[in-house]
Number of protein chains: 2
Amino acid sequence: MTSELPALYRLGIVGAGQIARMTHQAAVKLGITPRLLAEESDDSAALAAPDAVYGHPDSLAAFADTCDVITFEHERLDLGLLRRLEEAGSTIRPGAKTIAAAFDKMHQRRVLLNRGFPVPVFAEVRGPDDLMDFSTVFGWPVVLKSVRAGRDGEKGVWIVENQNEALKVISENSDRQLMAENYQPIVKELVVLVVRRPGGNSRCYPVAEVVQADGVCREIRMPASIGHRVATEARDIATRIADELEAVGVLAVELFLTTDGLVVNELAARPHNAGHVTIEGCPTSQFENHVRAVLDLPLGPTWASAPAAVTFNVIGGLDGIDPADYLPEALAIEGVHVHLYGKRPRPGRKLGHVTAIGDEMELAREMAQRAEAALHGRRPW
Amino acid sequence: MTSELPALYRLGIVGAGQIARMTHQAAVKLGITPRLLAEESDDSAALAAPDAVYGHPDSLAAFADTCDVITFEHERLDLGLLRRLEEAGSTIRPGAKTIAAAFDKMHQRRVLLNRGFPVPVFAEVRGPDDLMDFSTVFGWPVVLKSVRAGRDGEKGVWIVENQNEALKVISENSDRQLMAENYQPIVKELVVLVVRRPGGNSRCYPVAEVVQADGVCREIRMPASIGHRVATEARDIATRIADELEAVGVLAVELFLTTDGLVVNELAARPHNAGHVTIEGCPTSQFENHVRAVLDLPLGPTWASAPAAVTFNVIGGLDGIDPADYLPEALAIEGVHVHLYGKRPRPGRKLGHVTAIGDEMELAREMAQRAEAALHGRRPW
């Protein structure tokens with residue numbers, strides 16, 4: 001099979017955070033230097049890449065002219081512009097159809113519901129009345145969500161226990177479109193990464209399990225500690241959603257395992273935080289497979305290289321500690337893979353991640369957790 | 001243990017070929033963006049790094065002023081300048097003592113012989129008379145070598161069978177300093193990579209076996225197919241040489257296994273072509289450990305991640321084929337890791353490498369060889 005693309009792949013990445021940084025690294029391995037559309041010169045990827053141009057994502061049209069293929073590290077995009085670029089012949093991967101479903105959660109829910117995928121009960125919240133109607137039928141608590149994808153680390157989900165709490169969230173977010181979902185007790189949060197080529201050829205990574213703390217993803221375990229039946233169903237749902245949305249590149253499907261079974265929580269049409277574990281945990285990382293997929297190159301294997309792989313995110317604390325100051329301490333923890341993104345520390349900001357792989361999940365967790373603690377200047381052992 | 005260096009590691013790399021490119025990638029993973037001293041804007045590493053300055057290696061003094069630590073991807077350096085920079089307080093890793101031994105093979109042989117390491121019989125060749133004296137005592141064939149380290153891919157070793165051949169080499173290389181060694185039949189060519197920190201803490205990678213074709217390294221197998229006794233001796237020799245030379249970073253010790261036992265062939269005071277196999281074959285690549293060592297950070301594990309790992313170099317052919325044109329075909333070979341360096345094709349130029357790891361060496365070789373053939377537009381299966 002030969003690719004339709006010329007020998008020199010002119011790949012453009014919109015966004016220059018850590019996702020773009022690691023995607024860039026994966027492309028460089030293949031002999032490709034992507035061009036970045038960055039916002040600030042100290043964006044994580046811009047610090048490590050030679051070919052960054054600066055501009056708002058809305059300056060996409062000029063950027064697209066300089067690239068053969070455009071891909072994205074986030075979904076905060078002008079969908080109308082994307083559609084016009086597609087119509088004008090730009091190669092946008094994933095395309096507007098996929099990005100729309102990741103960007104607008106109401107649209108996403110409607111598409112998934114129409115196609116028979118398991119989603120929570122949901123409703124649009126145009127004002128307090130909509131919410132009262134919803135809670136009257138489904139009771140409290142209610143999950144309130146921002147309809148649009150937010151910035152990394154931006155809170156966009158509130159679990160409200162009663163009318164007063166709900167009204168407070170609504171009034172504090174009057175500039176945002178909100179939606180309501182019924183609250184289901186969550187047994188586990190799962191993420192399935194699917195990578196898909198334009199022709200439909202796709203591969204699925206092992207199901208990962210995500211552990212949140214204070215609304216932020218703290219830990220990713222691969223494989224998830226779930227039964228074979230649930231794992232198969234999760235991978236099947238994710239693969240079918242990717243086909244339904246004609247996704248190209250990585251599509252991350254976040255699922256809740258509830259007492260009623262699996263429901264789709266969110267979609268991301270790009271390499272995902274939960275997929276950082278694939279760098280050391282799988283023969284082909286999500287980043288390399290994303291690059292391969294958007295360039296319509298054959299995909300690499302996605303199985304687990306080890307029985308257990310675990311990633312801890314390194315998130316900026318209120319103490320302002322810079323994990324880079326504690327790199328020696330973290331590297332002293334034998335066999336942990338330390339990734340830092342070159343970002344300035346800020347509370348709640350993702351500054352890096354650490355991964356450990358091994359034969360046994362608890363042992364890998366222990367190692368990764370020690371390295372994460374070390375990067376925060378703590379010594380918990 | 002805390003490092004003596006500040007939080008922001010200002011690391012400079014002299015040279016911008018593929019060794020620098022992969023070292024740069026390893027540093028970026030750790031949150032560090034090295035500065036490069038490149039010669040041309042299409043140097044492999046300069047294509048993938050944001051902070052390249054251009055100049056001859058002799059412009060090192062100005063470059064050193066902008067870095068906390070300087071390291072190198074080659075040894076074609078002005079040793080006098082390095083020594084002056086060291087005396088003036090620059091942190092040069094490895095230091096002039098190590099680089100001198102890698103750069104000047106006569107000096108290297110003398111140092112190793114003095115310390116009791118096994119080396120071939122050797123002599124300086126200032127002219128035809130020296131060679132005649134040598135061949136009278138040790139007979140033919142004789143190995144003639146350039147005393148100074150050459151450029152990547154530059155021939156610097158000739159095996160001459162008689163006086164006429166010898167005189168031809170001497171007259172064609174009148175601008176070079178030459179040395180003679182007695183020829184010993186080689187059973188295997190081995191490479192041991194040692195990585196060493198300033199304080200002396202060092203680690204050794206599994207012994208690799210190198211297969212040459214037409215004087216160019218074509219294939220690297222790790223571990224080498226040798227007995228435990230030879231492997232232990234090889235690692236012991238390499239570690240002791242690193243200590244003797246007070247090496248910092250990766251020291252590559254090339255050894256010949258002859259019918260008379262192990263002899264040291266050459267030294268390289270930097271990440272080595274044979275070490276590309278460590279990217280996928282070991283928990284910590286030679287590149288990451290080189291960065292850690294020169295920044296005096298704790299070293300990562302160097303054991304083999306799999307029972308077999310094999311790398312084939314992708315070398316430019318006379319047909320002018322660009323391996324990047326055949327990336328789709330190479331990636332279609334399941335599970336092979338393809339690395340391209342972004343270089344323009346030229347006969348004899350190292351353009352990339354492919355690595356396969358697995359449970360069985362012959363199977364891994366078969367896969368890597370297929371990918372290498374595919375990148376040359378061949379279908380040998």
# chains A, B, ... in the order shown; residues from 1 in each chain; ligands from 1
>>> closest_atom_pairs(of="chain A", to="chain B", cutoff="8 Å", atoms="only C-alpha atoms", output="JSON lines")
{"residue": "A:Met1", "atom": "CA", "partner": "B:Glu329", "partner_atom": "CA", "distance": 6.6}
{"residue": "A:Thr2", "atom": "CA", "partner": "B:Pro328", "partner_atom": "CA", "distance": 6.0}
{"residue": "A:Ser3", "atom": "CA", "partner": "B:Pro328", "partner_atom": "CA", "distance": 6.3}
{"residue": "A:Pro6", "atom": "CA", "partner": "B:Asp325", "partner_atom": "CA", "distance": 7.7}
{"residue": "A:Ala7", "atom": "CA", "partner": "B:Asp325", "partner_atom": "CA", "distance": 4.8}
{"residue": "A:Leu8", "atom": "CA", "partner": "B:Ala324", "partner_atom": "CA", "distance": 7.4}
{"residue": "A:Gln25", "atom": "CA", "partner": "B:Gln25", "partner_atom": "CA", "distance": 6.8}
{"residue": "A:Val28", "atom": "CA", "partner": "B:Ala48", "partner_atom": "CA", "distance": 6.6}
{"residue": "A:Lys29", "atom": "CA", "partner": "B:His339", "partner_atom": "CA", "distance": 5.1}
{"residue": "A:Leu30", "atom": "CA", "partner": "B:Leu340", "partner_atom": "CA", "distance": 5.1}
{"residue": "A:Gly31", "atom": "CA", "partner": "B:Leu340", "partner_atom": "CA", "distance": 4.3}
{"residue": "A:Ile32", "atom": "CA", "partner": "B:Gly342", "partner_atom": "CA", "distance": 6.7}
{"residue": "A:Thr33", "atom": "CA", "partner": "B:Ala48", "partner_atom": "CA", "distance": 6.0}
{"residue": "A:Leu47", "atom": "CA", "partner": "B:Thr33", "partner_atom": "CA", "distance": 7.1}
{"residue": "A:Ala48", "atom": "CA", "partner": "B:Pro50", "partner_atom": "CA", "distance": 6.0}
{"residue": "A:Ala49", "atom": "CA", "partner": "B:Pro50", "partner_atom": "CA", "distance": 5.0}
{"residue": "A:Pro50", "atom": "CA", "partner": "B:Pro50", "partner_atom": "CA", "distance": 3.6}
{"residue": "A:Asp51", "atom": "CA", "partner": "B:Pro50", "partner_atom": "CA", "distance": 7.2}
{"residue": "A:Pro283", "atom": "CA", "partner": "B:Gly335", "partner_atom": "CA", "distance": 6.9}
{"residue": "A:Thr284", "atom": "CA", "partner": "B:Gly335", "partner_atom": "CA", "distance": 8.0}
{"residue": "A:Leu297", "atom": "CA", "partner": "B:Pro328", "partner_atom": "CA", "distance": 5.4}
{"residue": "A:Pro298", "atom": "CA", "partner": "B:Ala332", "partner_atom": "CA", "distance": 5.3}
{"residue": "A:Leu299", "atom": "CA", "partner": "B:Leu331", "partner_atom": "CA", "distance": 7.3}
{"residue": "A:Gly300", "atom": "CA", "partner": "B:Gly335", "partner_atom": "CA", "distance": 6.2}
{"residue": "A:Pro301", "atom": "CA", "partner": "B:Gly335", "partner_atom": "CA", "distance": 6.0}
{"residue": "A:Ala324", "atom": "CA", "partner": "B:Ala7", "partner_atom": "CA", "distance": 5.8}
{"residue": "A:Asp325", "atom": "CA", "partner": "B:Ala7", "partner_atom": "CA", "distance": 4.7}
{"residue": "A:Tyr326", "atom": "CA", "partner": "B:Thr2", "partner_atom": "CA", "distance": 7.9}
{"residue": "A:Leu327", "atom": "CA", "partner": "B:Leu297", "partner_atom": "CA", "distance": 7.9}
{"residue": "A:Pro328", "atom": "CA", "partner": "B:Leu297", "partner_atom": "CA", "distance": 5.4}
{"residue": "A:Glu329", "atom": "CA", "partner": "B:Met1", "partner_atom": "CA", "distance": 6.7}
{"residue": "A:Leu331", "atom": "CA", "partner": "B:Pro298", "partner_atom": "CA", "distance": 5.6}
{"residue": "A:Ala332", "atom": "CA", "partner": "B:Pro298", "partner_atom": "CA", "distance": 5.2}
{"residue": "A:Glu334", "atom": "CA", "partner": "B:Gly300", "partner_atom": "CA", "distance": 6.4}
{"residue": "A:Gly335", "atom": "CA", "partner": "B:Pro301", "partner_atom": "CA", "distance": 5.9}
{"residue": "A:Val338", "atom": "CA", "partner": "B:Leu30", "partner_atom": "CA", "distance": 6.4}
{"residue": "A:His339", "atom": "CA", "partner": "B:Lys29", "partner_atom": "CA", "distance": 5.1}
{"residue": "A:Leu340", "atom": "CA", "partner": "B:Gly31", "partner_atom": "CA", "distance": 4.3}
{"residue": "A:Tyr341", "atom": "CA", "partner": "B:Gly31", "partner_atom": "CA", "distance": 5.1}
{"residue": "A:Gly342", "atom": "CA", "partner": "B:Gly31", "partner_atom": "CA", "distance": 4.5}
>>> select_by_dssp(residues="segment 68-167 of chain B", states="strand (DSSP E)", output="list of chain:residue names")
B:Val69, B:Ile70, B:Thr71, B:Phe72, B:Phe122, B:Ala123, B:Glu124, B:Val125, B:Val142, B:Val143, B:Leu144, B:Lys145, B:Ser146, B:Val157, B:Trp158, B:Ile159, B:Val160
>>> write_last_selection(atoms="C-alpha atoms", output="PDB file, in the first residue's frame")
ATOM      1  CA  VAL B  69      26.976  22.015  30.570  1.00  0.00           C
ATOM      2  CA  ILE B  70      28.424  21.192  27.148  1.00  0.00           C
ATOM      3  CA  THR B  71      28.357  17.747  25.600  1.00  0.00           C
ATOM      4  CA  PHE B  72      29.212  16.413  22.148  1.00  0.00           C
ATOM      5  CA  PHE B 122      50.382  -1.165  17.146  1.00  0.00           C
ATOM      6  CA  ALA B 123      52.908   1.344  15.857  1.00  0.00           C
ATOM      7  CA  GLU B 124      52.909   4.854  14.512  1.00  0.00           C
ATOM      8  CA  VAL B 125      53.402   5.123  10.740  1.00  0.00           C
ATOM      9  CA  VAL B 142      48.547  -5.183   8.309  1.00  0.00           C
ATOM     10  CA  VAL B 143      45.725  -2.955   9.489  1.00  0.00           C
ATOM     11  CA  LEU B 144      46.333   0.691   8.605  1.00  0.00           C
ATOM     12  CA  LYS B 145      44.267   3.284  10.442  1.00  0.00           C
ATOM     13  CA  SER B 146      43.795   6.996  10.476  1.00  0.00           C
ATOM     14  CA  VAL B 157      40.653   1.701   8.207  1.00  0.00           C
ATOM     15  CA  TRP B 158      42.396  -0.324   5.508  1.00  0.00           C
ATOM     16  CA  ILE B 159      43.473  -3.949   5.667  1.00  0.00           C
ATOM     17  CA  VAL B 160      46.478  -4.241   3.371  1.00  0.00           C
TER      18      VAL B 160
END
>>> atom_distance(atom1="atom CA of Leu193 of chain B", atom2="atom CA of Glu73 of chain B")
14.8 Å
>>> residues_around(residues="Leu79 of chain A", least_positions_apart="3", cutoff="12 Å", atoms="only C-alpha atoms", output="list in words")
Pro57, Asp58, Leu60, Glu75, Arg76, Leu82, Arg83, Arg84, Leu85, Glu86, Ile92, Gly95, Ala96, Lys97, Thr98, Ile99, Ala100, Ala101, Ala102, Phe103, Asp104 and Arg148 of chain A
>>> atom_distance(atom1="atom CA of Met106 of chain B", atom2="atom CA of Tyr183 of chain B")
16.4 Å
>>> select_by_dssp(residues="segment 161-265 of chain B", states="helix (DSSP H, G or I)", output="number ranges by chain")
B: 163-172, 228-244
>>> residues_around(residues="segment 236-238 of chain B", least_positions_apart="6", cutoff="8 Å", atoms="only C-alpha atoms", output="MDAnalysis selection string")
chainID B and resid 117 192:194 252:253
